$ cat start02.pdb   # PDB, C-alpha atoms, pLDDT in the B column
ATOM      1  CA  MET K 168      -6.543 -37.510  17.979  1.00 67.00           C
ATOM      2  CA  PRO K 169      -8.465 -39.725  15.488  1.00 75.00           C
ATOM      3  CA  GLU K 170      -9.553 -37.833  12.390  1.00 72.00           C
ATOM      4  CA  TYR K 171     -13.253 -38.593  12.902  1.00 72.00           C
ATOM      5  CA  LEU K 172     -13.143 -37.016  16.368  1.00 80.00           C
ATOM      6  CA  GLU K 173     -11.407 -33.972  14.962  1.00 79.00           C
ATOM      7  CA  VAL K 174     -14.064 -33.614  12.241  1.00 78.00           C
ATOM      8  CA  ALA K 175     -16.839 -34.019  14.827  1.00 84.00           C
ATOM      9  CA  GLY K 176     -15.283 -31.373  17.047  1.00 84.00           C
ATOM     10  CA  ARG K 177     -14.789 -28.971  14.145  1.00 82.00           C
ATOM     11  CA  ALA K 178     -18.372 -29.558  13.014  1.00 84.00           C
ATOM     12  CA  ILE K 179     -19.716 -28.683  16.470  1.00 86.00           C
ATOM     13  CA  PHE K 180     -17.498 -25.609  16.599  1.00 84.00           C
ATOM     14  CA  SER K 181     -18.516 -24.393  13.125  1.00 83.00           C
ATOM     15  CA  PHE K 182     -22.194 -25.008  13.953  1.00 82.00           C
ATOM     16  CA  LEU K 183     -21.959 -22.873  17.082  1.00 84.00           C
ATOM     17  CA  VAL K 184     -20.082 -20.137  15.227  1.00 82.00           C
ATOM     18  CA  LEU K 185     -22.597 -20.171  12.357  1.00 78.00           C
ATOM     19  CA  PHE K 186     -25.511 -20.070  14.795  1.00 79.00           C
ATOM     20  CA  THR K 187     -23.965 -17.112  16.629  1.00 81.00           C
ATOM     21  CA  LEU K 188     -23.265 -15.199  13.422  1.00 76.00           C
ATOM     22  CA  ALA K 189     -26.778 -15.853  12.138  1.00 73.00           C
ATOM     23  CA  ARG K 190     -28.176 -14.382  15.360  1.00 74.00           C
ATOM     24  CA  ILE K 191     -25.904 -11.344  14.993  1.00 73.00           C
ATOM     25  CA  LEU K 192     -26.931 -10.795  11.384  1.00 68.00           C
ATOM     26  CA  GLY K 193     -30.600 -10.997  12.345  1.00 65.00           C
ATOM     27  CA  LYS K 194     -31.609 -11.884   8.801  1.00 58.00           C
ATOM     28  CA  LYS K 195     -35.140 -11.725   7.499  1.00 56.00           C
ATOM     29  CA  GLN K 196     -37.255 -14.791   6.843  1.00 50.00           C
ATOM     30  CA  ILE K 197     -35.920 -16.700   3.878  1.00 53.00           C
ATOM     31  CA  SER K 198     -38.930 -15.791   1.730  1.00 52.00           C
ATOM     32  CA  HIS K 199     -38.021 -12.118   2.267  1.00 59.00           C
ATOM     33  CA  LEU K 200     -34.322 -12.384   1.472  1.00 64.00           C
ATOM     34  CA  THR K 201     -32.893 -10.109  -1.184  1.00 67.00           C
ATOM     35  CA  PHE K 202     -30.509 -11.503  -3.776  1.00 67.00           C
ATOM     36  CA  PHE K 203     -27.582 -10.076  -1.799  1.00 71.00           C
ATOM     37  CA  ASP K 204     -28.765 -11.735   1.429  1.00 74.00           C
ATOM     38  CA  TYR K 205     -29.141 -15.012  -0.440  1.00 75.00           C
ATOM     39  CA  VAL K 206     -25.580 -14.910  -1.833  1.00 77.00           C
ATOM     40  CA  VAL K 207     -24.059 -13.932   1.508  1.00 79.00           C
ATOM     41  CA  GLY K 208     -25.905 -16.776   3.229  1.00 81.00           C
ATOM     42  CA  ILE K 209     -24.560 -19.303   0.725  1.00 84.00           C
ATOM     43  CA  VAL K 210     -20.969 -18.090   1.096  1.00 85.00           C
ATOM     44  CA  ILE K 211     -21.054 -18.047   4.906  1.00 84.00           C
ATOM     45  CA  GLY K 212     -22.630 -21.510   4.956  1.00 85.00           C
ATOM     46  CA  ASP K 213     -19.957 -22.827   2.575  1.00 87.00           C
ATOM     47  CA  MET K 214     -17.192 -21.353   4.755  1.00 86.00           C
ATOM     48  CA  ALA K 215     -18.681 -22.997   7.841  1.00 87.00           C
ATOM     49  CA  SER K 216     -18.830 -26.386   6.100  1.00 87.00           C
ATOM     50  CA  GLN K 217     -15.179 -26.038   5.041  1.00 86.00           C
ATOM     51  CA  VAL K 218     -14.178 -25.322   8.631  1.00 86.00           C
ATOM     52  CA  ALA K 219     -16.053 -28.456   9.710  1.00 86.00           C
ATOM     53  CA  ILE K 220     -14.671 -31.029   7.255  1.00 85.00           C
ATOM     54  CA  ASP K 221     -11.435 -29.626   5.792  1.00 85.00           C
ATOM     55  CA  THR K 222      -8.901 -30.734   8.378  1.00 82.00           C
ATOM     56  CA  SER K 223      -6.085 -29.108   6.389  1.00 85.00           C
ATOM     57  CA  MET K 224      -7.607 -25.697   7.081  1.00 84.00           C
ATOM     58  CA  LYS K 225      -6.671 -23.994  10.322  1.00 86.00           C
ATOM     59  CA  ILE K 226      -9.770 -23.289  12.375  1.00 85.00           C
ATOM     60  CA  VAL K 227      -8.596 -19.761  13.098  1.00 87.00           C
ATOM     61  CA  ASN K 228      -8.340 -19.010   9.354  1.00 86.00           C
ATOM     62  CA  GLY K 229     -11.881 -20.210   8.752  1.00 84.00           C
ATOM     63  CA  LEU K 230     -13.110 -18.225  11.738  1.00 86.00           C
ATOM     64  CA  ILE K 231     -11.458 -15.062  10.401  1.00 88.00           C
ATOM     65  CA  GLY K 232     -13.140 -15.553   7.021  1.00 86.00           C
ATOM     66  CA  LEU K 233     -16.568 -16.008   8.641  1.00 86.00           C
ATOM     67  CA  ILE K 234     -16.153 -12.951  10.865  1.00 87.00           C
ATOM     68  CA  VAL K 235     -14.950 -10.748   7.986  1.00 87.00           C
ATOM     69  CA  TYR K 236     -17.896 -11.755   5.784  1.00 83.00           C
ATOM     70  CA  THR K 237     -20.331 -11.181   8.640  1.00 84.00           C
ATOM     71  CA  LEU K 238     -18.891  -7.748   9.411  1.00 86.00           C
ATOM     72  CA  LEU K 239     -19.034  -6.749   5.741  1.00 84.00           C
ATOM     73  CA  SER K 240     -22.659  -7.878   5.574  1.00 81.00           C
ATOM     74  CA  ILE K 241     -23.533  -5.830   8.680  1.00 83.00           C
ATOM     75  CA  ILE K 242     -21.736  -2.760   7.311  1.00 85.00           C
ATOM     76  CA  LEU K 243     -23.575  -3.028   3.997  1.00 80.00           C
ATOM     77  CA  ALA K 244     -26.895  -3.499   5.799  1.00 78.00           C
ATOM     78  CA  TYR K 245     -26.392  -0.330   7.848  1.00 81.00           C
ATOM     79  CA  GLY K 246     -25.241   1.507   4.730  1.00 83.00           C
ATOM     80  CA  ALA K 247     -28.463   0.476   2.979  1.00 76.00           C
ATOM     81  CA  ILE K 248     -30.486   1.803   5.927  1.00 79.00           C
ATOM     82  CA  LYS K 249     -28.725   5.165   5.943  1.00 82.00           C
ATOM     83  CA  SER K 250     -28.485   5.860   2.211  1.00 80.00           C
ATOM     84  CA  PHE K 251     -31.124   5.390  -0.466  1.00 74.00           C
ATOM     85  CA  LYS K 252     -28.504   5.460  -3.259  1.00 79.00           C
ATOM     86  CA  PHE K 253     -26.396   2.851  -1.493  1.00 77.00           C
ATOM     87  CA  ARG K 254     -29.466   0.677  -0.898  1.00 75.00           C
ATOM     88  CA  ASP K 255     -30.326   0.905  -4.573  1.00 74.00           C
ATOM     89  CA  LEU K 256     -26.774  -0.165  -5.435  1.00 75.00           C
ATOM     90  CA  VAL K 257     -26.749  -3.140  -3.048  1.00 72.00           C
ATOM     91  CA  GLU K 258     -30.350  -4.346  -3.201  1.00 71.00           C
ATOM     92  CA  SER K 259     -31.557  -2.713  -6.432  1.00 73.00           C
ATOM     93  CA  SER K 260     -35.086  -1.261  -6.435  1.00 77.00           C
ATOM     94  CA  PRO K 261     -38.596  -2.541  -7.193  1.00 86.00           C
ATOM     95  CA  SER K 262     -39.527  -2.723 -10.886  1.00 90.00           C
ATOM     96  CA  ILE K 263     -42.932  -2.260 -12.494  1.00 92.00           C
ATOM     97  CA  LEU K 264     -43.934  -5.276 -14.593  1.00 94.00           C
ATOM     98  CA  VAL K 265     -47.571  -4.394 -15.298  1.00 94.00           C
ATOM     99  CA  LYS K 266     -49.122  -0.916 -15.381  1.00 93.00           C
ATOM    100  CA  ASP K 267     -52.765  -0.162 -16.113  1.00 92.00           C
ATOM    101  CA  GLY K 268     -53.320  -3.629 -17.571  1.00 92.00           C
ATOM    102  CA  LYS K 269     -50.291  -3.425 -19.880  1.00 93.00           C
ATOM    103  CA  ILE K 270     -47.115  -5.505 -19.594  1.00 93.00           C
ATOM    104  CA  MET K 271     -43.869  -3.550 -19.309  1.00 92.00           C
ATOM    105  CA  GLU K 272     -41.710  -5.663 -21.644  1.00 91.00           C
ATOM    106  CA  LYS K 273     -38.544  -3.735 -20.740  1.00 90.00           C
ATOM    107  CA  GLY K 274     -39.043  -4.671 -17.102  1.00 88.00           C
ATOM    108  CA  LEU K 275     -39.381  -8.355 -17.983  1.00 90.00           C
ATOM    109  CA  PHE K 276     -36.291  -8.223 -20.190  1.00 90.00           C
ATOM    110  CA  LYS K 277     -34.265  -6.412 -17.519  1.00 87.00           C
ATOM    111  CA  HIS K 278     -34.951  -9.141 -14.961  1.00 87.00           C
ATOM    112  CA  LYS K 279     -34.756 -11.999 -17.476  1.00 88.00           C
ATOM    113  CA  MET K 280     -38.350 -12.989 -16.818  1.00 89.00           C
ATOM    114  CA  THR K 281     -40.590 -14.796 -19.263  1.00 90.00           C
ATOM    115  CA  TYR K 282     -44.306 -14.257 -19.765  1.00 90.00           C
ATOM    116  CA  ASP K 283     -44.872 -17.553 -17.917  1.00 91.00           C
ATOM    117  CA  ASP K 284     -42.851 -16.286 -14.931  1.00 92.00           C
ATOM    118  CA  LEU K 285     -45.003 -13.172 -14.795  1.00 93.00           C
ATOM    119  CA  MET K 286     -48.295 -15.053 -15.110  1.00 93.00           C
ATOM    120  CA  ASN K 287     -47.236 -17.512 -12.429  1.00 93.00           C
ATOM    121  CA  GLY K 288     -46.531 -14.648 -10.027  1.00 92.00           C
ATOM    122  CA  LEU K 289     -49.853 -12.975 -10.858  1.00 94.00           C
ATOM    123  CA  ARG K 290     -51.853 -16.182 -10.410  1.00 94.00           C
ATOM    124  CA  GLU K 291     -50.293 -16.683  -6.983  1.00 93.00           C
ATOM    125  CA  LYS K 292     -51.874 -13.348  -6.059  1.00 91.00           C
ATOM    126  CA  GLY K 293     -55.252 -14.297  -7.529  1.00 91.00           C
ATOM    127  CA  ALA K 294     -54.880 -12.287 -10.746  1.00 92.00           C
ATOM    128  CA  PHE K 295     -55.624 -14.332 -13.868  1.00 92.00           C
ATOM    129  CA  MET K 296     -56.393 -11.546 -16.341  1.00 92.00           C
ATOM    130  CA  ILE K 297     -53.739  -8.971 -17.215  1.00 92.00           C
ATOM    131  CA  ASP K 298     -56.292  -6.264 -18.000  1.00 92.00           C
ATOM    132  CA  GLU K 299     -57.668  -6.526 -14.434  1.00 93.00           C
ATOM    133  CA  VAL K 300     -54.287  -5.558 -12.942  1.00 94.00           C
ATOM    134  CA  GLU K 301     -53.674  -1.906 -12.105  1.00 94.00           C
ATOM    135  CA  MET K 302     -50.040  -2.499 -11.183  1.00 94.00           C
ATOM    136  CA  ALA K 303     -47.685  -5.427 -10.612  1.00 94.00           C
ATOM    137  CA  ILE K 304     -44.297  -4.772  -9.055  1.00 94.00           C
ATOM    138  CA  LEU K 305     -41.284  -7.074  -8.777  1.00 92.00           C
ATOM    139  CA  GLU K 306     -39.936  -6.497  -5.266  1.00 87.00           C
ATOM    140  CA  THR K 307     -36.260  -6.687  -4.308  1.00 79.00           C
ATOM    141  CA  ASN K 308     -36.856 -10.081  -2.695  1.00 75.00           C
ATOM    142  CA  GLY K 309     -38.128 -11.576  -5.970  1.00 81.00           C
ATOM    143  CA  GLN K 310     -41.810 -11.535  -4.965  1.00 86.00           C
ATOM    144  CA  ILE K 311     -44.470  -9.925  -7.150  1.00 92.00           C
ATOM    145  CA  SER K 312     -46.875  -7.489  -5.495  1.00 93.00           C
ATOM    146  CA  VAL K 313     -50.184  -6.966  -7.280  1.00 94.00           C
ATOM    147  CA  MET K 314     -52.778  -4.195  -7.046  1.00 94.00           C
ATOM    148  CA  MET K 315     -56.000  -4.893  -8.882  1.00 94.00           C
ATOM    149  CA  LYS K 316     -58.018  -2.208 -10.626  1.00 93.00           C
ATOM    150  CA  PRO K 317     -60.690  -0.707  -8.318  1.00 89.00           C
ATOM    151  CA  GLU K 318     -63.560  -2.483 -10.054  1.00 88.00           C
ATOM    152  CA  TYR K 319     -61.892  -5.860  -9.475  1.00 89.00           C
ATOM    153  CA  GLN K 320     -60.916  -5.370  -5.841  1.00 86.00           C
ATOM    154  CA  PRO K 321     -62.861  -7.242  -3.130  1.00 84.00           C
ATOM    155  CA  LEU K 322     -65.776  -5.370  -1.604  1.00 80.00           C
ATOM    156  CA  THR K 323     -65.215  -4.284   2.005  1.00 80.00           C
ATOM    157  CA  PRO K 324     -67.752  -3.260   4.680  1.00 80.00           C
ATOM    158  CA  LYS K 325     -66.465   0.311   4.373  1.00 80.00           C
ATOM    159  CA  ASP K 326     -67.365   0.373   0.673  1.00 79.00           C
ATOM    160  CA  ILE K 327     -71.046  -0.188   1.468  1.00 80.00           C
ATOM    161  CA  GLY K 328     -71.130   1.967   4.599  1.00 80.00           C
ATOM    162  CA  LEU K 329     -71.206  -0.822   7.191  1.00 79.00           C
ATOM    163  CA  ARG K 330     -69.599  -0.310  10.581  1.00 77.00           C
ATOM    164  CA  VAL K 331     -67.822  -3.300  12.064  1.00 70.00           C
ATOM    165  CA  LYS K 332     -66.545  -3.982  15.541  1.00 69.00           C
ATOM    166  CA  ASP K 333     -62.862  -3.674  16.280  1.00 67.00           C
ATOM    167  CA  ASP K 334     -61.142  -7.023  16.032  1.00 64.00           C
ATOM    168  CA  HIS K 335     -57.847  -8.414  17.231  1.00 65.00           C
ATOM    169  CA  ALA K 336     -55.931 -11.586  16.564  1.00 73.00           C
ATOM    170  CA  PRO K 337     -56.825 -14.629  18.714  1.00 83.00           C
ATOM    171  CA  SER K 338     -54.729 -14.712  21.874  1.00 89.00           C
ATOM    172  CA  LEU K 339     -53.105 -17.820  23.287  1.00 90.00           C
ATOM    173  CA  ILE K 340     -54.013 -18.174  26.944  1.00 92.00           C
ATOM    174  CA  ILE K 341     -53.046 -21.818  27.641  1.00 93.00           C
ATOM    175  CA  ILE K 342     -49.941 -23.487  26.243  1.00 91.00           C
ATOM    176  CA  ASP K 343     -48.965 -27.039  27.116  1.00 90.00           C
ATOM    177  CA  GLY K 344     -51.214 -27.096  30.175  1.00 90.00           C
ATOM    178  CA  THR K 345     -49.879 -23.769  31.510  1.00 91.00           C
ATOM    179  CA  LEU K 346     -52.277 -20.857  31.991  1.00 92.00           C
ATOM    180  CA  LEU K 347     -50.917 -17.457  30.907  1.00 92.00           C
ATOM    181  CA  GLU K 348     -52.577 -15.553  33.724  1.00 91.00           C
ATOM    182  CA  LYS K 349     -51.162 -12.105  32.919  1.00 90.00           C
ATOM    183  CA  ARG K 350     -52.381 -12.319  29.338  1.00 89.00           C
ATOM    184  CA  LEU K 351     -55.788 -13.570  30.460  1.00 90.00           C
ATOM    185  CA  LYS K 352     -56.082 -10.669  32.888  1.00 91.00           C
ATOM    186  CA  SER K 353     -55.019  -8.132  30.240  1.00 89.00           C
ATOM    187  CA  LEU K 354     -57.855  -9.388  28.030  1.00 88.00           C
ATOM    188  CA  GLY K 355     -60.337  -8.729  30.826  1.00 89.00           C
ATOM    189  CA  TYR K 356     -61.216 -12.330  31.726  1.00 92.00           C
ATOM    190  CA  THR K 357     -60.970 -14.227  35.009  1.00 92.00           C
ATOM    191  CA  LYS K 358     -59.488 -17.608  35.762  1.00 92.00           C
ATOM    192  CA  ASP K 359     -62.820 -18.942  37.010  1.00 93.00           C
ATOM    193  CA  TRP K 360     -64.607 -17.833  33.839  1.00 93.00           C
ATOM    194  CA  LEU K 361     -62.024 -19.533  31.673  1.00 93.00           C
ATOM    195  CA  LEU K 362     -62.227 -22.751  33.671  1.00 93.00           C
ATOM    196  CA  SER K 363     -65.986 -22.880  33.169  1.00 93.00           C
ATOM    197  CA  GLU K 364     -65.519 -22.315  29.430  1.00 92.00           C
ATOM    198  CA  VAL K 365     -62.900 -25.039  28.954  1.00 92.00           C
ATOM    199  CA  LYS K 366     -65.026 -27.502  30.917  1.00 92.00           C
ATOM    200  CA  LYS K 367     -67.685 -27.042  28.246  1.00 91.00           C
ATOM    201  CA  LYS K 368     -65.069 -28.251  25.764  1.00 89.00           C
ATOM    202  CA  GLY K 369     -64.348 -31.454  27.668  1.00 89.00           C
ATOM    203  CA  ALA K 370     -61.469 -30.420  29.928  1.00 91.00           C
ATOM    204  CA  GLU K 371     -61.500 -30.948  33.684  1.00 91.00           C
ATOM    205  CA  THR K 372     -58.476 -28.771  34.486  1.00 92.00           C
ATOM    206  CA  PHE K 373     -56.115 -26.487  32.596  1.00 93.00           C
ATOM    207  CA  GLU K 374     -53.524 -29.280  32.651  1.00 92.00           C
ATOM    208  CA  ASP K 375     -55.756 -31.294  30.280  1.00 92.00           C
ATOM    209  CA  ILE K 376     -55.308 -28.664  27.567  1.00 93.00           C
ATOM    210  CA  PHE K 377     -52.516 -28.577  25.007  1.00 91.00           C
ATOM    211  CA  LEU K 378     -53.505 -25.181  23.594  1.00 92.00           C
ATOM    212  CA  ALA K 379     -56.323 -22.677  24.100  1.00 92.00           C
ATOM    213  CA  GLN K 380     -57.156 -19.373  22.398  1.00 93.00           C
ATOM    214  CA  ILE K 381     -59.633 -16.538  22.950  1.00 92.00           C
ATOM    215  CA  ASN K 382     -60.841 -14.455  20.018  1.00 88.00           C
ATOM    216  CA  SER K 383     -62.138 -10.874  20.085  1.00 81.00           C
ATOM    217  CA  ASN K 384     -65.718 -12.084  20.654  1.00 82.00           C
ATOM    218  CA  GLY K 385     -64.764 -14.017  23.769  1.00 86.00           C
ATOM    219  CA  ASN K 386     -65.080 -17.419  22.106  1.00 89.00           C
ATOM    220  CA  VAL K 387     -62.651 -20.016  23.410  1.00 92.00           C
ATOM    221  CA  TYR K 388     -60.933 -22.606  21.243  1.00 93.00           C
ATOM    222  CA  VAL K 389     -59.546 -25.630  23.090  1.00 93.00           C
ATOM    223  CA  ASP K 390     -57.244 -28.385  21.901  1.00 92.00           C
ATOM    224  CA  LEU K 391     -57.014 -31.207  24.447  1.00 91.00           C
ATOM    225  CA  TYR K 392     -54.123 -33.580  24.814  1.00 85.00           C
ATOM    226  CA  ASN K 393     -56.654 -36.262  23.943  1.00 77.00           C
ATOM    227  CA  ASP K 394     -58.057 -34.869  20.685  1.00 64.00           C
ATOM    228  CA  ASN K 395     -60.874 -37.409  20.690  1.00 54.00           C
ATOM    229  CA  GLU K 396     -62.361 -35.528  23.616  1.00 45.00           C
ATOM    230  CA  ASN K 397     -62.030 -32.106  21.993  1.00 44.00           C
ATOM    231  CA  LYS K 398     -65.453 -30.524  21.632  1.00 44.00           C
ATOM    232  CA  GLN K 399     -64.956 -27.225  19.883  1.00 45.00           C
TER     233      GLN K 399
END
$ encode --input "start02.pdb" --output "structure tokens"
Amino acid sequence: MPEYLEVAGRAIFSFLVLFTLARILGKKQISHLTFFDYVVGIVIGDMASQVAIDTSMKIVNGLIGLIVYTLLSIILAYGAIKSFKFRDLVESSPSILVKDGKIMEKGLFKHKMTYDDLMNGLREKGAFMIDEVEMAILETNGQISVMMKPEYQPLTPKDIGLRVKDDHAPSLIIIDGTLLEKRLKSLGYTKDWLLSEVKKKGAETFEDIFLAQINSNGNVYVDLYNDNENKQ
């Protein structure tokens, strides 16, 4: 067999194996990965690439390595779920960087963070003044969580005694010209009512619509296939 065909075949095989293992691991979104998850992902990805392009490596050996690393990762994940001490060992624990408007220098030093790193994380959360911060915590995924002092927190309707109606996220009821009838019914609306609403937006039938949503007030958003006709 020509070498390029062998490499192509191995690449397809390693891709399918990597995809399967990733589904088994069920990892969090990349922005929520812990340092351990990040390292394991790099190693497994490197193993898969070696299986794909290193023709001197037996496929079965590469497959064994991938499976062993995946199993170890799963075992450690379950161990972290069952034991707080084990979780602290594997993933570490959150660290306080700012408390009552004061920087915890030991926390910065422990995590090798500079003042600029801290300020960058605070600004991303809308905190520009240290003395306005009640607490800032470095999470295990590397993100900084910030709680502002009460006097600097946004005012809510509850704070001034206002009652507001219950709200829910907008619901998709048409996707790619297909009406989600069960969802529409569960929201308490009829097909005829929806058709009259989308006609006001420039659609003749549901098939003319790429996407449609209903919010908690019963307002309908419509995106037509022909956006020039979209009348929101």
$ closest_atom_pairs --input "start02.pdb" --of "region 305-372 of chain K" --to "region 293-298 of chain K" --cutoff "9 Å" --atoms "only C-alpha atoms" --output "JSON lines"
{"residue": "K:Val313", "atom": "CA", "partner": "K:Ala294", "partner_atom": "CA", "distance": 7.9}
{"residue": "K:Met315", "atom": "CA", "partner": "K:Ala294", "partner_atom": "CA", "distance": 7.7}
{"residue": "K:Lys316", "atom": "CA", "partner": "K:Asp298", "partner_atom": "CA", "distance": 8.6}
$ resolve_selection --input "start02.pdb" --expression "the PyMOL selection byres ((chain K and resi 241-249) around 12)" --output "JSON, numbers by chain"
{"K": [188, 189, 190, 191, 192, 193, 194, 195, 201, 203, 204, 207, 234, 235, 236, 237, 238, 239, 240, 250, 251, 252, 253, 254, 255, 256, 257, 258, 259, 260]}
$ resolve_selection --input "start02.pdb" --expression "the PyMOL selection byres ((chain K and resi 337) around 8)" --output "PyMOL selection string"
chain K and resi 335-336+338-339+380-383
$ residues_around --input "start02.pdb" --residues "region 299-310 of chain K" --least-positions-apart "5" --cutoff "10 Å" --atoms "all atoms listed in the file" --output "VMD selection string"
chain K and resid 197 to 205 255 258 to 271 274 to 275 278 285 288 to 289 294 315 to 320
$ write_last_selection --input "start02.pdb" --atoms "C-alpha atoms" --output "compact mmCIF listing (two decimals), keeping the file's coordinate frame"
# COMPACT_ATOMS: atom_id res chain seq x y z
CA ILE K 197 -35.92 -16.70 3.88
CA SER K 198 -38.93 -15.79 1.73
CA HIS K 199 -38.02 -12.12 2.27
CA LEU K 200 -34.32 -12.38 1.47
CA THR K 201 -32.89 -10.11 -1.18
CA PHE K 202 -30.51 -11.50 -3.78
CA PHE K 203 -27.58 -10.08 -1.80
CA ASP K 204 -28.76 -11.74 1.43
CA TYR K 205 -29.14 -15.01 -0.44
CA ASP K 255 -30.33 0.90 -4.57
CA GLU K 258 -30.35 -4.35 -3.20
CA SER K 259 -31.56 -2.71 -6.43
CA SER K 260 -35.09 -1.26 -6.44
CA PRO K 261 -38.60 -2.54 -7.19
CA SER K 262 -39.53 -2.72 -10.89
CA ILE K 263 -42.93 -2.26 -12.49
CA LEU K 264 -43.93 -5.28 -14.59
CA VAL K 265 -47.57 -4.39 -15.30
CA LYS K 266 -49.12 -0.92 -15.38
CA ASP K 267 -52.76 -0.16 -16.11
CA GLY K 268 -53.32 -3.63 -17.57
CA LYS K 269 -50.29 -3.42 -19.88
CA ILE K 270 -47.12 -5.50 -19.59
CA MET K 271 -43.87 -3.55 -19.31
CA GLY K 274 -39.04 -4.67 -17.10
CA LEU K 275 -39.38 -8.36 -17.98
CA HIS K 278 -34.95 -9.14 -14.96
CA LEU K 285 -45.00 -13.17 -14.80
CA GLY K 288 -46.53 -14.65 -10.03
CA LEU K 289 -49.85 -12.98 -10.86
CA ALA K 294 -54.88 -12.29 -10.75
CA MET K 315 -56.00 -4.89 -8.88
CA LYS K 316 -58.02 -2.21 -10.63
CA PRO K 317 -60.69 -0.71 -8.32
CA GLU K 318 -63.56 -2.48 -10.05
CA TYR K 319 -61.89 -5.86 -9.48
CA GLN K 320 -60.92 -5.37 -5.84
$ resolve_selection --input "start02.pdb" --expression "the PyMOL selection byres ((chain K and resi 351-361) around 12)" --output "ChimeraX atom specification"
/K:335-341,345-350,362-368,370-373,379-389
$ atom_distance --input "start02.pdb" --atom1 "CA of Gly344 (chain K)" --atom2 "CA of Asn393 (chain K)"
12.3 Å
